[in-house]
$ cat coords12.cif   # mmCIF, C-alpha atoms
data_run
#
loop_
_atom_site.label_atom_id
_atom_site.label_comp_id
_atom_site.auth_asym_id
_atom_site.auth_seq_id
_atom_site.Cartn_x
_atom_site.Cartn_y
_atom_site.Cartn_z
CA MET A 1 -11.72 -9.09 -0.06
CA GLN A 2 -10.01 -7.45 2.85
CA ALA A 3 -7.08 -7.78 5.21
CA THR A 4 -7.33 -10.23 8.08
CA LYS A 5 -7.72 -9.38 11.75
CA SER A 6 -4.25 -10.72 12.45
CA PHE A 7 -2.83 -8.38 9.79
CA GLU A 8 -4.57 -5.45 11.47
CA GLN A 9 -3.20 -6.31 14.88
CA ALA A 10 0.32 -6.93 13.54
CA PHE A 11 0.19 -3.62 11.66
CA LEU A 12 -0.81 -1.67 14.77
CA ARG A 13 1.82 -3.41 16.87
CA HIS A 14 4.58 -2.64 14.34
CA LEU A 15 3.33 0.90 13.85
CA LEU A 16 3.37 1.81 17.53
CA ARG A 17 6.75 0.16 17.94
CA GLY A 18 7.99 2.19 15.00
CA PHE A 19 6.71 5.38 16.63
CA ARG A 20 8.58 4.50 19.81
CA LEU A 21 11.81 3.72 17.99
CA SER A 22 11.77 6.85 15.89
CA ALA A 23 10.71 8.85 18.97
CA VAL A 24 7.95 10.74 17.16
CA SER A 25 6.68 12.16 20.41
CA TYR A 26 9.86 14.06 21.06
CA LYS A 27 9.27 17.77 20.73
CA SER A 28 12.74 18.22 19.24
CA MET A 29 11.48 16.91 15.89
CA SER A 30 10.26 19.28 13.24
CA LEU A 31 6.78 18.68 11.85
CA GLN A 32 8.25 17.48 8.56
CA GLU A 33 10.66 15.08 10.29
CA ARG A 34 7.84 13.69 12.39
CA LYS A 35 5.64 13.22 9.34
CA SER A 36 8.40 11.34 7.48
CA ALA A 37 9.01 9.15 10.50
CA ILE A 38 5.31 8.35 10.82
CA LYS A 39 4.97 7.57 7.12
CA LEU A 40 8.06 5.36 7.22
CA SER A 41 6.75 3.52 10.27
CA ALA A 42 3.43 3.00 8.53
CA ASP A 43 5.02 1.56 5.38
CA VAL A 44 7.37 -0.74 7.27
CA ALA A 45 4.49 -1.82 9.51
CA MET A 46 2.39 -2.67 6.45
CA ALA A 47 5.18 -4.72 4.86
CA SER A 48 6.07 -6.48 8.11
CA ALA A 49 2.47 -7.30 8.95
CA ARG A 50 1.85 -8.77 5.51
CA GLY A 51 4.87 -11.07 5.57
CA SER A 52 6.78 -12.23 2.55
CA ARG A 53 5.37 -11.11 -0.78
CA LYS A 54 7.01 -9.66 -3.85
CA TRP A 55 5.63 -6.21 -3.10
CA THR A 56 6.62 -6.25 0.59
CA ARG A 57 10.20 -7.14 -0.34
CA GLY A 58 10.12 -4.53 -3.09
CA LEU A 59 8.86 -1.91 -0.66
CA ILE A 60 11.54 -2.58 1.98
CA THR A 61 14.23 -2.52 -0.73
CA LYS A 62 12.87 0.76 -2.08
CA LEU A 63 12.75 2.34 1.38
CA SER A 64 16.28 1.21 2.20
CA ARG A 65 17.60 3.11 -0.82
CA GLU A 66 17.06 6.42 0.99
CA ASP A 67 19.98 7.24 3.26
CA GLU A 68 17.88 8.83 5.98
CA HIS A 69 15.72 5.70 6.24
CA ARG A 70 18.55 3.23 6.80
CA SER A 71 19.18 3.77 10.48
CA PHE A 72 15.47 3.41 11.26
CA LEU A 73 15.18 0.29 9.12
CA ARG A 74 18.19 -1.24 10.82
CA LEU A 75 16.64 -0.49 14.17
CA ILE A 76 13.20 -1.87 13.43
CA LEU A 77 14.17 -4.85 11.27
CA GLY A 78 17.11 -5.76 13.47
CA THR A 79 18.94 -8.86 12.31
CA GLU A 80 16.58 -9.17 9.35
CA TYR A 81 17.84 -5.94 7.82
CA GLY A 82 20.68 -7.43 5.81
CA ARG A 83 18.57 -10.26 4.48
CA ARG A 84 15.57 -8.17 3.50
CA THR A 85 17.35 -5.34 1.75
CA LYS A 86 19.62 -7.40 -0.46
CA PRO A 87 18.28 -8.62 -3.79
CA ARG A 88 17.31 -12.28 -3.63
CA HIS A 89 19.61 -15.02 -4.87
CA GLY A 90 18.93 -15.78 -8.45
CA SER A 91 17.43 -12.37 -9.20
CA TRP A 92 19.27 -11.55 -12.37
CA LYS A 93 20.70 -8.15 -13.09
CA ILE A 94 22.10 -8.98 -16.50
CA PRO A 95 22.61 -5.70 -18.34
CA ARG A 96 20.45 -5.71 -21.43
CA SER A 97 19.90 -3.25 -24.22
CA LYS A 98 16.68 -1.33 -23.39
CA LYS A 99 15.65 -1.54 -27.05
CA ILE A 100 15.82 -5.33 -27.05
CA VAL A 101 13.95 -5.61 -23.74
CA ARG A 102 11.22 -3.29 -24.97
CA ARG A 103 10.87 -5.22 -28.21
CA SER A 104 10.63 -8.57 -26.48
CA LEU A 105 8.08 -7.22 -23.98
CA ARG A 106 5.99 -5.98 -26.89
CA VAL A 107 6.17 -9.40 -28.58
CA CYS A 108 5.27 -11.21 -25.36
CA SER A 109 2.26 -9.08 -24.56
CA ARG A 110 1.17 -9.15 -28.20
CA ARG A 111 1.14 -12.94 -27.97
CA LYS A 112 -0.85 -12.82 -24.72
CA ASN A 113 -3.25 -10.15 -25.94
CA ASN A 114 -3.89 -12.02 -29.19
CA LEU A 115 -6.11 -14.35 -27.20
CA ARG A 116 -8.05 -11.52 -25.61
CA ALA A 117 -8.83 -9.42 -28.71
CA PRO A 118 -9.58 -11.73 -31.61
CA HIS A 119 -12.31 -9.56 -33.17
CA GLY A 120 -11.42 -6.66 -35.49
CA VAL A 121 -7.81 -6.03 -36.35
CA LYS A 122 -7.76 -2.26 -35.80
CA SER A 123 -9.52 -2.23 -32.42
CA GLY A 124 -7.39 -5.19 -31.41
CA VAL A 125 -4.17 -3.30 -31.98
CA LEU A 126 -5.47 -0.29 -30.07
CA ALA A 127 -6.64 -2.43 -27.16
CA ARG A 128 -3.30 -4.23 -26.98
CA THR A 129 -1.32 -0.98 -26.94
CA LEU A 130 -3.57 0.48 -24.27
CA VAL A 131 -3.31 -2.59 -22.04
CA GLU A 132 0.46 -2.56 -22.54
CA LYS A 133 0.71 1.09 -21.53
CA ARG A 134 -1.49 0.65 -18.48
CA THR A 135 0.39 -2.51 -17.44
CA HIS A 136 3.64 -0.56 -17.49
CA ALA A 137 2.05 2.15 -15.34
CA LEU A 138 0.88 -0.47 -12.85
CA LYS A 139 4.36 -2.02 -12.73
CA ARG A 140 5.77 1.30 -11.59
CA LEU A 141 3.15 1.72 -8.87
CA VAL A 142 3.38 -1.73 -7.32
CA PRO A 143 6.65 -2.11 -5.37
CA GLY A 144 8.79 -4.80 -6.93
CA GLY A 145 6.43 -4.81 -9.89
CA GLU A 146 9.06 -4.05 -12.52
CA SER A 147 10.21 -7.65 -12.65
CA LEU A 148 6.70 -9.11 -12.77
CA ASP A 149 4.46 -9.95 -15.69
CA GLY A 150 0.89 -10.94 -16.42
CA CYS A 151 -0.73 -12.98 -13.67
CA SER A 152 1.99 -12.32 -11.09
CA LEU A 153 1.70 -8.57 -11.52
CA LEU A 154 -2.08 -8.62 -11.18
CA ASP A 155 -1.85 -10.94 -8.21
CA GLU A 156 0.63 -8.66 -6.41
CA ALA A 157 -1.41 -5.57 -7.32
CA LEU A 158 -4.51 -7.15 -5.79
CA ASP A 159 -2.69 -7.99 -2.58
CA TYR A 160 -1.04 -4.55 -2.47
CA VAL A 161 -4.34 -2.69 -2.87
CA ILE A 162 -5.98 -4.72 -0.11
CA SER A 163 -3.05 -3.97 2.21
CA LEU A 164 -3.02 -0.26 1.30
CA ARG A 165 -6.71 0.03 2.12
CA ALA A 166 -6.14 -1.61 5.49
CA GLN A 167 -3.23 0.77 6.13
CA VAL A 168 -5.44 3.78 5.43
CA ASP A 169 -8.30 2.43 7.59
CA LEU A 170 -6.04 1.68 10.53
CA MET A 171 -4.24 5.02 10.39
CA GLN A 172 -7.63 6.72 10.31
CA LYS A 173 -8.72 4.70 13.36
CA LEU A 174 -5.52 5.66 15.16
CA LEU A 175 -6.10 9.31 14.37
CA THR A 176 -9.64 9.10 15.71
CA THR A 177 -8.44 7.34 18.85
CA PHE A 178 -5.81 10.01 19.49
CA GLU A 179 -8.30 12.79 18.87
CA ALA A 180 -10.98 11.33 21.17
CA PRO A 181 -9.53 12.45 24.55
CA LYS A 182 -9.14 15.98 23.20
CA LEU A 183 -12.74 16.06 21.97
CA ARG A 184 -13.95 14.64 25.29
CA ALA A 185 -12.07 17.35 27.17
CA LEU A 186 -13.57 20.02 24.93
CA SER A 187 -17.14 18.75 25.31
CA LYS A 188 -16.81 18.61 29.12
CA CYS A 189 -16.08 22.33 29.26
CA THR A 190 -19.29 23.18 27.44
CA LEU A 191 -21.76 21.05 29.45
CA PRO A 192 -24.47 23.37 30.88
CA GLU A 193 -24.76 21.45 34.20
CA ARG A 194 -21.08 22.05 34.81
CA LYS A 195 -21.51 25.76 34.21
CA ALA A 196 -24.42 25.92 36.63
CA SER A 197 -22.44 24.26 39.42
CA PHE A 198 -19.61 26.76 38.96
CA VAL A 199 -22.01 29.65 39.10
CA GLY A 200 -23.44 28.22 42.34
CA LYS A 201 -19.98 28.37 43.92
CA MET B 1 0.85 -27.75 -25.48
CA SER B 2 1.73 -24.08 -25.40
CA SER B 3 -1.79 -23.06 -26.48
CA ARG B 4 -3.23 -25.05 -23.54
CA ARG B 5 -0.97 -23.18 -21.12
CA SER B 6 -1.98 -19.84 -22.66
CA ARG B 7 -5.68 -20.68 -22.35
CA ILE B 8 -5.29 -21.46 -18.66
CA SER B 9 -3.40 -18.25 -17.98
CA GLU B 10 -5.97 -16.25 -19.96
CA GLU B 11 -8.68 -17.49 -17.57
CA GLU B 12 -6.48 -16.62 -14.62
CA ILE B 13 -5.89 -13.13 -15.97
CA THR B 14 -9.61 -12.61 -16.57
CA GLU B 15 -10.37 -13.71 -13.02
CA LEU B 16 -7.69 -11.45 -11.54
CA ILE B 17 -8.97 -8.50 -13.57
CA SER B 18 -12.49 -9.07 -12.29
CA LYS B 19 -11.22 -9.36 -8.70
CA LEU B 20 -9.36 -6.05 -9.13
CA GLN B 21 -12.51 -4.50 -10.52
CA SER B 22 -14.47 -5.54 -7.44
CA LEU B 23 -12.00 -3.60 -5.26
CA LEU B 24 -12.33 -0.34 -7.13
CA PRO B 25 -14.54 2.29 -5.48
CA GLU B 26 -16.39 3.25 -8.67
CA THR B 27 -17.44 -0.32 -9.30
CA ARG B 28 -18.68 -0.84 -5.75
CA ARG B 29 -20.92 2.19 -6.03
CA ARG B 30 -22.55 1.48 -9.38
CA GLY B 31 -22.31 -2.31 -9.38
CA ALA B 32 -20.99 -2.14 -12.93
CA SER B 33 -20.83 -5.04 -15.30
CA ARG B 34 -17.51 -6.35 -16.59
CA ALA B 35 -15.22 -3.51 -17.62
CA SER B 36 -12.39 -3.89 -20.12
CA ALA B 37 -8.94 -4.91 -18.91
CA ALA B 38 -7.55 -1.54 -19.99
CA LYS B 39 -10.16 0.34 -17.95
CA VAL B 40 -9.58 -1.79 -14.84
CA LEU B 41 -5.82 -1.30 -15.11
CA LYS B 42 -6.25 2.46 -15.42
CA GLU B 43 -8.67 2.65 -12.49
CA THR B 44 -6.38 0.46 -10.38
CA CYS B 45 -3.46 2.80 -11.04
CA ASN B 46 -5.62 5.79 -10.08
CA TYR B 47 -6.84 4.04 -6.97
CA ILE B 48 -3.31 3.16 -5.82
CA LYS B 49 -2.25 6.78 -6.33
CA SER B 50 -5.19 8.06 -4.33
CA LEU B 51 -4.46 5.60 -1.50
CA HIS B 52 -0.85 6.84 -1.45
CA ARG B 53 -2.15 10.41 -1.13
CA GLU B 54 -4.42 9.38 1.74
CA VAL B 55 -1.53 7.80 3.63
CA ASP B 56 0.47 10.97 3.10
CA ASP B 57 -2.38 13.12 4.39
CA LEU B 58 -2.98 10.88 7.41
CA SER B 59 0.75 11.00 8.22
CA ASP B 60 0.50 14.78 8.16
CA ARG B 61 -2.46 14.87 10.50
CA LEU B 62 -0.97 12.30 12.85
CA SER B 63 2.27 14.26 13.04
CA GLU B 64 0.40 17.44 14.01
CA LEU B 65 -1.52 15.58 16.68
CA MET B 66 1.46 13.73 18.08
CA ALA B 67 3.47 16.93 18.39
CA THR B 68 1.46 17.88 21.45
CA MET B 69 0.76 14.52 23.01
CA ASP B 70 2.69 12.23 25.27
CA VAL B 71 2.63 9.05 23.22
CA ASP B 72 4.32 6.81 25.73
CA SER B 73 1.84 7.25 28.53
CA ALA B 74 -1.20 7.09 26.26
CA GLN B 75 0.13 4.17 24.27
CA ALA B 76 -0.97 1.29 26.50
CA GLU B 77 -4.53 2.56 26.73
CA ILE B 78 -4.71 3.23 23.01
CA VAL B 79 -3.40 -0.20 22.10
CA ARG B 80 -5.88 -1.86 24.43
CA SER B 81 -8.84 0.04 23.00
CA LEU B 82 -7.79 -0.63 19.40
CA PHE B 83 -7.33 -4.33 19.93
CA ARG B 84 -10.72 -4.52 21.56
CA SER B 85 -12.53 -3.16 18.47
#
$ encode --input "coords12.cif" --output "structure tokens"
Amino acid sequence: MQATKSFEQAFLRHLLRGFRLSAVSYKSMSLQERKSAIKLSADVAMASARGSRKWTRGLITKLSREDEHRSFLRLILGTEYGRRTKPRHGSWKIPRSKKIVRRSLRVCSRRKNNLRAPHGVKSGVLARTLVEKRTHALKRLVPGGESLDGCSLLDEALDYVISLRAQVDLMQKLLTTFEAPKLRALSKCTLPERKASFVGK
Amino acid sequence: MSSRRSRISEEEITELISKLQSLLPETRRRGASRASAAKVLKETCNYIKSLHREVDDLSDRLSELMATMDVDSAQAEIVRSLFRS
């Protein structure tokens, strides 16, 4: 399972556009500022290239919460900015007691996990608690994952991991491509034939 | 009726867990048999965290490199070569 060719091309296109818009080549930027701009461009590029998924929307929303990111996001998302950073219609933000939510989550996953661990009561309880704990950890790592459960969470996690891997691969390729001219220049200076011709002169 | 729905979603969950397992680096190396859901979830979390760290590191290295290069003039050639591969 891996990202498609069209995803890769869209990612690179968005990434380079992001670099241009945030002017990462300008010497006036500090190294830290440039790094943040590059990372931001890479994340927005990944979300934009993937299209509309729970995690891409979650990621854009998360990024827009930082003040220093907003002007860049407005620039790169353009007219889409308002639409993509607002919570969707029908997404409920009813204030609930944390205790009640936690209890109901426990009941729900206990019901689900009952089917998976029918053998041995003690090991079953342990397995359920462990799966619960790990599921909560995964929810925090997948953008937009907090509001997901069961199948949806796993589905989004799968898609997110595939996209992250592609992001890493493509950034590595970009790095290699940028480094290549420098390495070529270096190797030219050390060619023995070159040296000989200079000596001849 | 509700038990039928739960059975279907249990199969879905099992399939998704096994798909996640196939993505994990450890599994690809050893060709492991089916791991428990708890183990796959833990390894997935670790994998996501390590991918985040890689992106951070690559951003660092790219920023060092781009500090001394003229991106605009090199951009067209770079894009062309990347899209060719």
$ resolve_selection --input "coords12.cif" --expression "the PyMOL selection byres ((chain A and resi 47) around 9)" --output "CSV table (one decimal) with C-alpha atoms, in the coordinates of the input"
chain,number,residue,atom,x,y,z
A,11,PHE,CA,0.2,-3.6,11.7
A,42,ALA,CA,3.4,3.0,8.5
A,43,ASP,CA,5.0,1.6,5.4
A,44,VAL,CA,7.4,-0.7,7.3
A,45,ALA,CA,4.5,-1.8,9.5
A,46,MET,CA,2.4,-2.7,6.4
A,48,SER,CA,6.1,-6.5,8.1
A,49,ALA,CA,2.5,-7.3,9.0
A,50,ARG,CA,1.8,-8.8,5.5
A,51,GLY,CA,4.9,-11.1,5.6
A,52,SER,CA,6.8,-12.2,2.6
A,53,ARG,CA,5.4,-11.1,-0.8
A,55,TRP,CA,5.6,-6.2,-3.1
A,56,THR,CA,6.6,-6.2,0.6
A,57,ARG,CA,10.2,-7.1,-0.3
A,59,LEU,CA,8.9,-1.9,-0.7
A,60,ILE,CA,11.5,-2.6,2.0
A,163,SER,CA,-3.0,-4.0,2.2
$ interface_residues --input "coords12.cif" --of "chain B" --to "chain A" --cutoff "7 Å" --atoms "all atoms listed in the file" --output "tab-separated table (two decimals) with C-alpha atoms, in the frame of the given file"
chain	number	residue	atom	x	y	z
B	12	GLU	CA	-6.48	-16.62	-14.62
B	13	ILE	CA	-5.89	-13.13	-15.97
B	16	LEU	CA	-7.69	-11.45	-11.54
B	20	LEU	CA	-9.36	-6.05	-9.13
B	37	ALA	CA	-8.94	-4.91	-18.91
B	38	ALA	CA	-7.55	-1.54	-19.99
B	41	LEU	CA	-5.82	-1.30	-15.11
B	42	LYS	CA	-6.25	2.46	-15.42
B	45	CYS	CA	-3.46	2.80	-11.04
B	48	ILE	CA	-3.31	3.16	-5.82
B	51	LEU	CA	-4.46	5.60	-1.50
B	54	GLU	CA	-4.42	9.38	1.74
B	55	VAL	CA	-1.53	7.80	3.63
B	56	ASP	CA	0.47	10.97	3.10
B	58	LEU	CA	-2.98	10.88	7.41
B	59	SER	CA	0.75	11.00	8.22
B	60	ASP	CA	0.50	14.78	8.16
B	62	LEU	CA	-0.97	12.30	12.85
B	63	SER	CA	2.27	14.26	13.04
B	64	GLU	CA	0.40	17.44	14.01
B	66	MET	CA	1.46	13.73	18.08
B	67	ALA	CA	3.47	16.93	18.39
B	69	MET	CA	0.76	14.52	23.01
B	70	ASP	CA	2.69	12.23	25.27
B	71	VAL	CA	2.63	9.05	23.22
B	78	ILE	CA	-4.71	3.23	23.01
B	83	PHE	CA	-7.33	-4.33	19.93
$ atom_distance --input "coords12.cif" --atom1 "CA of Ser147 in chain A" --atom2 "CA of Arg102 in chain A"
13.1 Å
$ atom_distance --input "coords12.cif" --atom1 "CA of His69 in chain A" --atom2 "CA of Leu15 in chain A"
15.3 Å
$ atom_distance --input "coords12.cif" --atom1 "CA of Gly144 in chain A" --atom2 "CA of Glu68 in chain A"
20.9 Å
$ resolve_selection --input "coords12.cif" --expression "the PyMOL selection byres ((chain B and resi 21) around 9)" --output "ChimeraX atom specification"
/B:16-20,22-28,34-35,40-41,43-44
$ closest_residue --input "coords12.cif" --among "A:Lys188, A:Gly58, A:Phe7, A:Leu63" --to "Glu146 in chain A" --atoms "all atoms listed in the file"
A:Gly58
$ axis_aligned_box --input "coords12.cif" --around "range 157-165 of chain A" --padding-each-side "5 Å" --output "AutoDock Vina command-line options"
--center_x -3.9 --center_y -4.0 --center_z -2.6 --size_x 15.7 --size_y 18.0 --size_z 19.5
